[in-house]
>>> print(open('run16.cif').read())   # mmCIF, C-alpha atoms and all ligand atoms
data_entry
#
loop_
_atom_site.label_atom_id
_atom_site.label_comp_id
_atom_site.auth_asym_id
_atom_site.auth_seq_id
_atom_site.Cartn_x
_atom_site.Cartn_y
_atom_site.Cartn_z
CA MET A 1298 10.59 -18.01 -11.98
CA SER A 1299 8.35 -15.08 -12.66
CA GLY A 1300 9.22 -12.85 -15.57
CA LEU A 1301 8.78 -9.85 -13.33
CA ALA A 1302 11.39 -10.65 -10.72
CA ALA A 1303 12.33 -7.39 -9.09
CA ALA A 1304 15.86 -6.14 -9.70
CA ARG A 1305 15.85 -2.75 -8.03
CA SER A 1306 15.93 -2.25 -4.29
CA PRO A 1307 12.72 -3.26 -2.61
CA ASN A 1308 9.97 -0.82 -1.89
CA LYS A 1309 10.20 0.81 1.50
CA SER A 1310 6.51 0.16 2.09
CA ALA A 1311 7.28 -3.57 2.10
CA GLY A 1312 8.22 -2.81 5.72
CA ASN A 1313 9.95 -4.66 8.53
CA PRO A 1314 9.07 -8.23 9.53
CA TRP A 1315 6.28 -8.45 12.09
CA ASP A 1316 7.54 -8.20 15.68
CA ARG A 1317 5.13 -8.07 18.64
CA ASP A 1318 7.57 -6.25 20.93
CA ALA A 1319 8.33 -3.62 18.31
CA ALA A 1320 4.60 -3.20 17.71
CA ARG A 1321 3.91 -2.74 21.42
CA GLY A 1322 6.70 -0.16 21.58
CA ILE A 1323 5.13 1.79 18.70
CA VAL A 1324 1.72 1.65 20.35
CA GLN A 1325 3.13 2.85 23.68
CA GLU A 1326 5.07 5.62 22.00
CA HIS A 1327 1.86 7.07 20.51
CA ARG A 1328 -0.77 6.13 23.08
CA ASN A 1329 -0.88 9.52 24.80
CA LEU A 1330 -1.50 11.49 21.62
CA GLU A 1331 -4.93 12.99 21.14
CA GLY A 1332 -7.01 10.58 19.03
CA ALA A 1333 -4.16 8.08 19.37
CA LEU A 1334 -5.73 5.28 17.33
CA LEU A 1335 -5.09 6.74 13.87
CA PRO A 1336 -1.50 7.84 14.57
CA ILE A 1337 -0.80 4.37 15.99
CA LEU A 1338 -2.24 2.63 12.94
CA HIS A 1339 -0.30 4.90 10.58
CA ALA A 1340 2.91 4.27 12.53
CA LEU A 1341 2.40 0.49 12.46
CA ASN A 1342 1.48 0.56 8.77
CA GLU A 1343 4.60 2.58 8.01
CA HIS A 1344 6.93 0.43 10.09
CA PHE A 1345 5.67 -3.01 9.02
CA GLY A 1346 4.02 -2.11 5.71
CA TYR A 1347 0.69 -3.34 7.11
CA VAL A 1348 -1.24 -3.71 10.35
CA ASP A 1349 -0.93 -7.29 11.54
CA ALA A 1350 -4.00 -8.90 13.12
CA GLU A 1351 -1.91 -9.46 16.26
CA ALA A 1352 -1.64 -5.70 16.68
CA VAL A 1353 -5.38 -5.40 17.29
CA PRO A 1354 -5.46 -6.79 20.85
CA ILE A 1355 -2.31 -4.83 21.72
CA ILE A 1356 -3.90 -1.57 20.57
CA ALA A 1357 -7.23 -2.42 22.21
CA ASP A 1358 -5.50 -3.10 25.55
CA GLU A 1359 -3.38 0.04 25.46
CA LEU A 1360 -6.20 2.38 24.44
CA ASN A 1361 -8.93 0.65 26.43
CA LEU A 1362 -10.99 0.01 23.31
CA SER A 1363 -12.76 -3.13 22.14
CA ARG A 1364 -11.09 -5.21 19.45
CA ALA A 1365 -14.16 -4.60 17.28
CA GLU A 1366 -13.61 -0.85 17.48
CA VAL A 1367 -10.00 -1.20 16.37
CA HIS A 1368 -10.99 -3.60 13.59
CA GLY A 1369 -13.67 -1.19 12.44
CA VAL A 1370 -11.21 1.65 12.00
CA ILE A 1371 -8.67 -0.53 10.18
CA SER A 1372 -11.37 -1.72 7.79
CA PHE A 1373 -12.78 1.76 7.21
CA TYR A 1374 -9.55 3.34 6.01
CA HIS A 1375 -8.08 1.96 2.80
CA ASP A 1376 -4.64 3.24 3.82
CA PHE A 1377 -4.13 0.33 6.18
CA ARG A 1378 -3.06 -2.97 4.66
CA LYS A 1379 -4.05 -6.16 6.44
CA GLU A 1380 -1.17 -8.18 5.07
CA PRO A 1381 2.41 -7.42 4.03
CA ALA A 1382 2.82 -5.59 0.74
CA GLY A 1383 4.64 -7.09 -2.21
CA ARG A 1384 8.19 -6.10 -3.07
CA HIS A 1385 6.87 -3.14 -5.08
CA VAL A 1386 3.67 -1.15 -4.63
CA VAL A 1387 1.82 0.30 -7.62
CA LYS A 1388 -1.01 2.77 -6.93
CA VAL A 1389 -3.21 3.69 -9.87
CA CYS A 1390 -5.42 6.78 -9.73
CA ARG A 1391 -9.06 5.93 -10.36
CA ALA A 1392 -10.52 9.39 -9.82
CA GLU A 1393 -12.45 11.41 -12.37
CA ALA A 1394 -9.73 13.29 -14.26
CA CYS A 1395 -7.74 10.11 -14.82
CA GLN A 1396 -10.85 8.19 -15.79
CA SER A 1397 -11.62 10.84 -18.39
CA MET A 1398 -8.20 10.28 -19.97
CA ASP A 1399 -8.76 6.58 -20.61
CA GLY A 1400 -7.67 5.58 -17.14
CA ARG A 1401 -9.80 2.44 -17.41
CA THR A 1402 -7.62 1.11 -20.21
CA LEU A 1403 -4.51 1.82 -18.15
CA GLU A 1404 -6.01 0.10 -15.08
CA THR A 1405 -6.79 -3.01 -17.05
CA HIS A 1406 -3.33 -3.07 -18.58
CA VAL A 1407 -1.58 -2.57 -15.23
CA ALA A 1408 -3.53 -5.37 -13.54
CA LYS A 1409 -2.80 -7.74 -16.40
CA ARG A 1410 0.88 -6.78 -16.60
CA LEU A 1411 1.45 -7.20 -12.87
CA LYS A 1412 -0.77 -10.29 -12.64
CA ALA A 1413 -2.47 -8.72 -9.63
CA GLU A 1414 -6.01 -7.64 -8.84
CA PHE A 1415 -6.63 -4.23 -7.32
CA GLY A 1416 -6.23 -4.48 -3.56
CA ALA A 1417 -4.11 -7.61 -3.84
CA THR A 1418 -0.56 -8.83 -4.32
CA SER A 1419 0.68 -10.92 -7.24
CA ALA A 1420 1.23 -14.62 -6.54
CA ASP A 1421 5.01 -14.14 -6.75
CA ARG A 1422 4.66 -11.28 -4.20
CA ASN A 1423 6.56 -8.89 -6.44
CA PHE A 1424 3.74 -6.36 -6.84
CA THR A 1425 0.91 -5.02 -4.73
CA LEU A 1426 -1.68 -3.14 -6.78
CA GLU A 1427 -3.82 -0.49 -5.12
CA ALA A 1428 -6.34 2.13 -6.22
CA VAL A 1429 -6.01 5.74 -5.12
CA TYR A 1430 -8.35 8.63 -5.70
CA CYS A 1431 -6.32 11.58 -6.97
CA LEU A 1432 -2.58 11.96 -6.81
CA GLY A 1433 -2.68 15.71 -7.47
CA LEU A 1434 -1.65 15.26 -11.10
CA CYS A 1435 -5.10 15.76 -12.64
CA ALA A 1436 -3.74 18.13 -15.31
CA CYS A 1437 -1.36 15.41 -16.50
CA SER A 1438 -3.57 12.37 -16.13
CA PRO A 1439 -3.71 9.45 -16.16
CA ALA A 1440 -1.37 9.16 -13.23
CA LEU A 1441 0.02 6.47 -11.01
CA MET A 1442 2.65 5.92 -8.35
CA VAL A 1443 5.29 3.22 -8.24
CA ASP A 1444 7.12 2.74 -4.94
CA GLY A 1445 6.27 6.29 -3.93
CA GLU A 1446 7.38 7.84 -7.23
CA LEU A 1447 4.75 9.73 -9.22
CA HIS A 1448 4.27 9.21 -12.95
CA ALA A 1449 2.03 11.38 -15.14
CA ARG A 1450 0.49 10.92 -18.60
CA VAL A 1451 1.04 7.21 -18.33
CA THR A 1452 0.14 5.06 -21.30
CA PRO A 1453 0.26 1.25 -21.25
CA ALA A 1454 3.56 1.38 -23.17
CA ARG A 1455 4.98 3.89 -20.73
CA PHE A 1456 3.91 1.74 -17.82
CA ASP A 1457 5.70 -1.23 -19.35
CA ALA A 1458 8.84 0.89 -19.62
CA ILE A 1459 8.56 1.92 -15.96
CA ILE A 1460 8.25 -1.72 -14.92
CA ALA A 1461 11.09 -2.78 -17.22
CA ASP A 1462 13.27 -0.15 -15.57
CA LEU A 1463 12.19 -1.31 -12.13
CA THR A 1464 12.89 -4.95 -12.85
CA GLY A 1465 16.12 -4.45 -14.74
CA GLY A 1466 14.48 -5.23 -18.05
CA LYS A 1467 13.42 -8.73 -17.01
CA SER A 1468 9.93 -9.12 -18.27
S1 LIG B 1501 -7.75 12.46 -10.75
FE1 LIG B 1501 -6.00 11.27 -11.08
S2 LIG B 1501 -4.44 12.57 -10.39
FE2 LIG B 1501 -6.21 13.68 -9.91
#
>>> encode(input="run16.cif", output="C-alpha cells", more="lines below")
Ligand code: FES
Amino acid sequence: MSGLAAARSPNKSAGNPWDRDAARGIVQEHRNLEGALLPILHALNEHFGYVDAEAVPIIADELNLSRAEVHGVISFYHDFRKEPAGRHVVKVCRAEACQSMDGRTLETHVAKRLKAEFGATSADRNFTLEAVYCLGLCACSPALMVDGELHARVTPARFDAIIADLTGGKS
C-alpha cells in the first residue's frame, strides 16, 4: 500500500462517476446560454472532475458543432481535465513571483513527494499534480493550493507537513 494513502475526506474536484445521462442533462441545461460551449465544459468539469471523451459527441450534437471544434477547445484550456482527478489535487504556482522565491525547488520536491508528474496523477491515484500561473499570493510566494485551500510561503518542509496533515500522518 502506498505510504501516502489519503485519510481526510476526498477532494471535491475528484467529482462524480461518469454518467452519460447526467452529462446530457448538464449540456441541455446550459445549451441556450450565449457562448454555451465554455459554460458547458466548466459545468461538466465541475460535476465529474473532468470532461470525459464521451461528452464530446453529446456536446457537438447539442450545439451543432464538429467534434474537432469541441476537442480543440478542451485541449486549449488547461482547466479541463481529460481524465478523472486523483483523490487530492495539488496545484503549484509556476508564475514569476513564485519562481523568484525558489519555486523551482518546491516544484521538484512536490513532484517527488507525490510521485506524480505535473499534469498527471500518481500511480496510486491519490494525488493529481497541476501547474497554475498565479494564485494571487505573489507577495507571499511561493504558493500552492491543496484541494482548493491556498497555502503561502511554502517550503518543502511545510509542504510535507501539509501532506502529513492531509493523509493523517501516514507517509
Ligand atoms: S506568482 Fe505565484 S501566486 Fe502570484
>>> closest_atom_pairs(input="run16.cif", of="chain A", to="ligand LIG 1501 (chain B)", cutoff="10 Å", atoms="all atoms listed in the file", output="CSV")
residue,atom,partner,partner_atom,distance
A:Val1389,CA,B:LIG1501,FE1,8.2
A:Cys1390,CA,B:LIG1501,FE1,4.7
A:Arg1391,CA,B:LIG1501,FE1,6.2
A:Ala1392,CA,B:LIG1501,S1,4.2
A:Glu1393,CA,B:LIG1501,S1,5.1
A:Ala1394,CA,B:LIG1501,S1,4.1
A:Cys1395,CA,B:LIG1501,FE1,4.3
A:Gln1396,CA,B:LIG1501,S1,7.3
A:Ser1397,CA,B:LIG1501,S1,8.7
A:Met1398,CA,B:LIG1501,FE1,9.2
A:Gly1400,CA,B:LIG1501,FE1,8.5
A:Val1429,CA,B:LIG1501,FE1,8.1
A:Tyr1430,CA,B:LIG1501,S1,6.4
A:Cys1431,CA,B:LIG1501,FE2,3.6
A:Leu1432,CA,B:LIG1501,S2,4.1
A:Gly1433,CA,B:LIG1501,S2,4.6
A:Leu1434,CA,B:LIG1501,S2,3.9
A:Cys1435,CA,B:LIG1501,FE2,3.6
A:Ala1436,CA,B:LIG1501,FE2,7.4
A:Cys1437,CA,B:LIG1501,S2,7.4
A:Ser1438,CA,B:LIG1501,FE1,5.7
A:Pro1439,CA,B:LIG1501,FE1,5.9
A:Ala1440,CA,B:LIG1501,S2,5.4
A:Leu1441,CA,B:LIG1501,S2,7.6
A:Met1442,CA,B:LIG1501,S2,9.9
A:Leu1447,CA,B:LIG1501,S2,9.7
A:His1448,CA,B:LIG1501,S2,9.7
A:Ala1449,CA,B:LIG1501,S2,8.1
A:Arg1450,CA,B:LIG1501,S2,9.7
>>> write_last_selection(input="run16.cif", atoms="C-alpha atoms", output="tab-separated table (two decimals), in the coordinates of the input")
chain	number	residue	atom	x	y	z
A	1389	VAL	CA	-3.21	3.69	-9.87
A	1390	CYS	CA	-5.42	6.78	-9.73
A	1391	ARG	CA	-9.06	5.93	-10.36
A	1392	ALA	CA	-10.52	9.39	-9.82
A	1393	GLU	CA	-12.45	11.41	-12.37
A	1394	ALA	CA	-9.73	13.29	-14.26
A	1395	CYS	CA	-7.74	10.11	-14.82
A	1396	GLN	CA	-10.85	8.19	-15.79
A	1397	SER	CA	-11.62	10.84	-18.39
A	1398	MET	CA	-8.20	10.28	-19.97
A	1400	GLY	CA	-7.67	5.58	-17.14
A	1429	VAL	CA	-6.01	5.74	-5.12
A	1430	TYR	CA	-8.35	8.63	-5.70
A	1431	CYS	CA	-6.32	11.58	-6.97
A	1432	LEU	CA	-2.58	11.96	-6.81
A	1433	GLY	CA	-2.68	15.71	-7.47
A	1434	LEU	CA	-1.65	15.26	-11.10
A	1435	CYS	CA	-5.10	15.76	-12.64
A	1436	ALA	CA	-3.74	18.13	-15.31
A	1437	CYS	CA	-1.36	15.41	-16.50
A	1438	SER	CA	-3.57	12.37	-16.13
A	1439	PRO	CA	-3.71	9.45	-16.16
A	1440	ALA	CA	-1.37	9.16	-13.23
A	1441	LEU	CA	0.02	6.47	-11.01
A	1442	MET	CA	2.65	5.92	-8.35
A	1447	LEU	CA	4.75	9.73	-9.22
A	1448	HIS	CA	4.27	9.21	-12.95
A	1449	ALA	CA	2.03	11.38	-15.14
A	1450	ARG	CA	0.49	10.92	-18.60
>>> atom_distance(input="run16.cif", atom1="atom CA of Arg1410 of chain A", atom2="atom CA of Arg1378 of chain A")
22.0 Å
>>> atom_distance(input="run16.cif", atom1="atom CA of Pro1453 of chain A", atom2="atom CA of His1406 of chain A")
6.2 Å
>>> residues_around(input="run16.cif", residues="Leu1341 of chain A", least_positions_apart="4", cutoff="10 Å", atoms="only C-alpha atoms", output="list in words")
Gly1312, Asn1313, Trp1315, Ala1319, Ala1320, Arg1321, Ile1323, Val1324, Leu1335, Pro1336, Ile1337, Phe1345, Gly1346, Tyr1347, Val1348, Asp1349, Ala1352 and Phe1377 of chain A
>>> write_last_selection(input="run16.cif", atoms="C-alpha atoms", output="PDB file, in the coordinates of the input")
ATOM      1  CA  GLY A1312       8.220  -2.810   5.720  1.00  0.00           C
ATOM      2  CA  ASN A1313       9.950  -4.660   8.530  1.00  0.00           C
ATOM      3  CA  TRP A1315       6.280  -8.450  12.090  1.00  0.00           C
ATOM      4  CA  ALA A1319       8.330  -3.620  18.310  1.00  0.00           C
ATOM      5  CA  ALA A1320       4.600  -3.200  17.710  1.00  0.00           C
ATOM      6  CA  ARG A1321       3.910  -2.740  21.420  1.00  0.00           C
ATOM      7  CA  ILE A1323       5.130   1.790  18.700  1.00  0.00           C
ATOM      8  CA  VAL A1324       1.720   1.650  20.350  1.00  0.00           C
ATOM      9  CA  LEU A1335      -5.090   6.740  13.870  1.00  0.00           C
ATOM     10  CA  PRO A1336      -1.500   7.840  14.570  1.00  0.00           C
ATOM     11  CA  ILE A1337      -0.800   4.370  15.990  1.00  0.00           C
ATOM     12  CA  PHE A1345       5.670  -3.010   9.020  1.00  0.00           C
ATOM     13  CA  GLY A1346       4.020  -2.110   5.710  1.00  0.00           C
ATOM     14  CA  TYR A1347       0.690  -3.340   7.110  1.00  0.00           C
ATOM     15  CA  VAL A1348      -1.240  -3.710  10.350  1.00  0.00           C
ATOM     16  CA  ASP A1349      -0.930  -7.290  11.540  1.00  0.00           C
ATOM     17  CA  ALA A1352      -1.640  -5.700  16.680  1.00  0.00           C
ATOM     18  CA  PHE A1377      -4.130   0.330   6.180  1.00  0.00           C
TER      19      PHE A1377
END
>>> atom_distance(input="run16.cif", atom1="atom CA of Glu1404 of chain A", atom2="atom CA of Val1370 of chain A")
27.6 Å
>>> closest_residue(input="run16.cif", among="A:His1375, A:Asn1361, A:Ala1461, A:Ala1413", to="Ala1333 of chain A", atoms="all atoms listed in the file")
A:Asn1361
>>> closest_residue(input="run16.cif", among="A:Pro1314, A:Ala1417, A:Ala1458, A:Arg1328", to="His1344 of chain A", atoms="all atoms listed in the file")
A:Pro1314
>>> decode(input="run16.cif", residues="segment 1328-1344 of chain A", atoms="all heavy atoms", output="compact mmCIF listing (two decimals), in the first residue's frame")
# COMPACT_ATOMS: atom_id res chain seq x y z
N ARG A 1328 -27.25 24.74 -22.81
CA ARG A 1328 -27.08 24.90 -24.26
C ARG A 1328 -27.60 26.22 -24.80
O ARG A 1328 -27.16 26.67 -25.86
CB ARG A 1328 -27.72 23.74 -25.03
CG ARG A 1328 -29.19 23.57 -24.77
CD ARG A 1328 -29.79 22.62 -25.75
NE ARG A 1328 -29.70 23.22 -27.09
CZ ARG A 1328 -30.10 22.64 -28.19
NH1 ARG A 1328 -30.59 21.43 -28.14
NH2 ARG A 1328 -30.04 23.25 -29.34
N ASN A 1329 -28.53 26.86 -24.11
CA ASN A 1329 -29.08 28.12 -24.64
C ASN A 1329 -28.34 29.35 -24.13
O ASN A 1329 -28.71 30.48 -24.47
CB ASN A 1329 -30.57 28.22 -24.31
CG ASN A 1329 -31.35 27.17 -25.09
OD1 ASN A 1329 -31.03 26.88 -26.24
ND2 ASN A 1329 -32.34 26.56 -24.45
N LEU A 1330 -27.32 29.16 -23.34
CA LEU A 1330 -26.53 30.30 -22.88
C LEU A 1330 -25.72 30.85 -24.04
O LEU A 1330 -25.37 30.13 -24.97
CB LEU A 1330 -25.55 29.87 -21.78
CG LEU A 1330 -26.14 29.40 -20.46
CD1 LEU A 1330 -25.03 28.92 -19.53
CD2 LEU A 1330 -26.92 30.53 -19.81
N GLU A 1331 -25.42 32.13 -23.98
CA GLU A 1331 -24.55 32.72 -25.01
C GLU A 1331 -23.15 32.11 -24.87
O GLU A 1331 -22.64 32.00 -23.76
CB GLU A 1331 -24.49 34.24 -24.79
CG GLU A 1331 -23.65 34.90 -25.80
CD GLU A 1331 -24.24 36.22 -26.22
OE1 GLU A 1331 -25.39 36.51 -25.87
OE2 GLU A 1331 -23.51 36.95 -26.90
N GLY A 1332 -22.56 31.71 -25.99
CA GLY A 1332 -21.23 31.08 -25.94
C GLY A 1332 -21.28 29.86 -25.04
O GLY A 1332 -20.48 29.72 -24.11
N ALA A 1333 -22.26 28.97 -25.33
CA ALA A 1333 -22.58 27.87 -24.39
C ALA A 1333 -21.44 26.87 -24.18
O ALA A 1333 -21.39 26.20 -23.15
CB ALA A 1333 -23.82 27.13 -24.89
N LEU A 1334 -20.52 26.77 -25.13
CA LEU A 1334 -19.52 25.70 -25.03
C LEU A 1334 -18.69 25.78 -23.74
O LEU A 1334 -18.54 24.78 -23.04
CB LEU A 1334 -18.61 25.72 -26.26
CG LEU A 1334 -17.53 24.64 -26.31
CD1 LEU A 1334 -18.12 23.25 -26.11
CD2 LEU A 1334 -16.75 24.72 -27.62
N LEU A 1335 -18.18 26.96 -23.44
CA LEU A 1335 -17.33 27.06 -22.23
C LEU A 1335 -18.12 26.81 -20.95
O LEU A 1335 -17.66 26.03 -20.10
CB LEU A 1335 -16.61 28.40 -22.18
CG LEU A 1335 -15.36 28.49 -23.07
CD1 LEU A 1335 -14.75 29.89 -23.00
CD2 LEU A 1335 -14.32 27.46 -22.70
N PRO A 1336 -19.30 27.42 -20.78
CA PRO A 1336 -20.07 27.09 -19.58
C PRO A 1336 -20.38 25.60 -19.45
O PRO A 1336 -20.35 25.04 -18.36
CB PRO A 1336 -21.36 27.91 -19.73
CG PRO A 1336 -21.00 29.02 -20.66
CD PRO A 1336 -19.91 28.51 -21.55
N ILE A 1337 -20.65 24.95 -20.58
CA ILE A 1337 -20.94 23.51 -20.55
C ILE A 1337 -19.70 22.74 -20.09
O ILE A 1337 -19.77 21.86 -19.22
CB ILE A 1337 -21.39 23.03 -21.95
CG1 ILE A 1337 -22.82 23.47 -22.20
CG2 ILE A 1337 -21.27 21.51 -22.07
CD1 ILE A 1337 -23.30 23.25 -23.63
N LEU A 1338 -18.54 23.08 -20.66
CA LEU A 1338 -17.32 22.37 -20.28
C LEU A 1338 -16.98 22.59 -18.81
O LEU A 1338 -16.59 21.65 -18.11
CB LEU A 1338 -16.16 22.80 -21.19
CG LEU A 1338 -16.28 22.39 -22.66
CD1 LEU A 1338 -15.16 22.99 -23.48
CD2 LEU A 1338 -16.28 20.87 -22.80
N HIS A 1339 -17.15 23.83 -18.35
CA HIS A 1339 -16.90 24.10 -16.93
C HIS A 1339 -17.86 23.29 -16.05
O HIS A 1339 -17.45 22.74 -15.02
CB HIS A 1339 -17.03 25.60 -16.63
CG HIS A 1339 -15.80 26.38 -16.98
ND1 HIS A 1339 -14.61 26.23 -16.30
CD2 HIS A 1339 -15.57 27.30 -17.95
CE1 HIS A 1339 -13.69 27.03 -16.83
NE2 HIS A 1339 -14.25 27.68 -17.83
N ALA A 1340 -19.12 23.24 -16.45
CA ALA A 1340 -20.11 22.52 -15.64
C ALA A 1340 -19.80 21.02 -15.60
O ALA A 1340 -19.89 20.39 -14.55
CB ALA A 1340 -21.52 22.77 -16.19
N LEU A 1341 -19.41 20.47 -16.74
CA LEU A 1341 -19.05 19.04 -16.78
C LEU A 1341 -17.81 18.78 -15.94
O LEU A 1341 -17.74 17.82 -15.17
CB LEU A 1341 -18.80 18.59 -18.23
CG LEU A 1341 -20.03 18.54 -19.13
CD1 LEU A 1341 -19.61 18.33 -20.59
CD2 LEU A 1341 -20.99 17.43 -18.70
N ASN A 1342 -16.82 19.66 -16.10
CA ASN A 1342 -15.55 19.51 -15.36
C ASN A 1342 -15.81 19.57 -13.85
O ASN A 1342 -15.21 18.85 -13.06
CB ASN A 1342 -14.59 20.61 -15.80
CG ASN A 1342 -13.15 20.27 -15.54
OD1 ASN A 1342 -12.64 19.29 -16.06
ND2 ASN A 1342 -12.48 21.07 -14.73
N GLU A 1343 -16.72 20.46 -13.47
CA GLU A 1343 -17.02 20.62 -12.05
C GLU A 1343 -17.79 19.40 -11.52
O GLU A 1343 -17.51 18.90 -10.44
CB GLU A 1343 -17.82 21.89 -11.84
CG GLU A 1343 -17.95 22.23 -10.37
CD GLU A 1343 -18.63 23.58 -10.17
OE1 GLU A 1343 -18.36 24.50 -10.97
OE2 GLU A 1343 -19.42 23.68 -9.23
N HIS A 1344 -18.73 18.93 -12.30
CA HIS A 1344 -19.57 17.82 -11.84
C HIS A 1344 -18.81 16.49 -11.78
O HIS A 1344 -18.91 15.74 -10.82
CB HIS A 1344 -20.79 17.68 -12.76
CG HIS A 1344 -21.77 16.66 -12.29
ND1 HIS A 1344 -22.71 16.92 -11.30
CD2 HIS A 1344 -21.96 15.35 -12.62
CE1 HIS A 1344 -23.42 15.83 -11.06
NE2 HIS A 1344 -22.99 14.86 -11.86
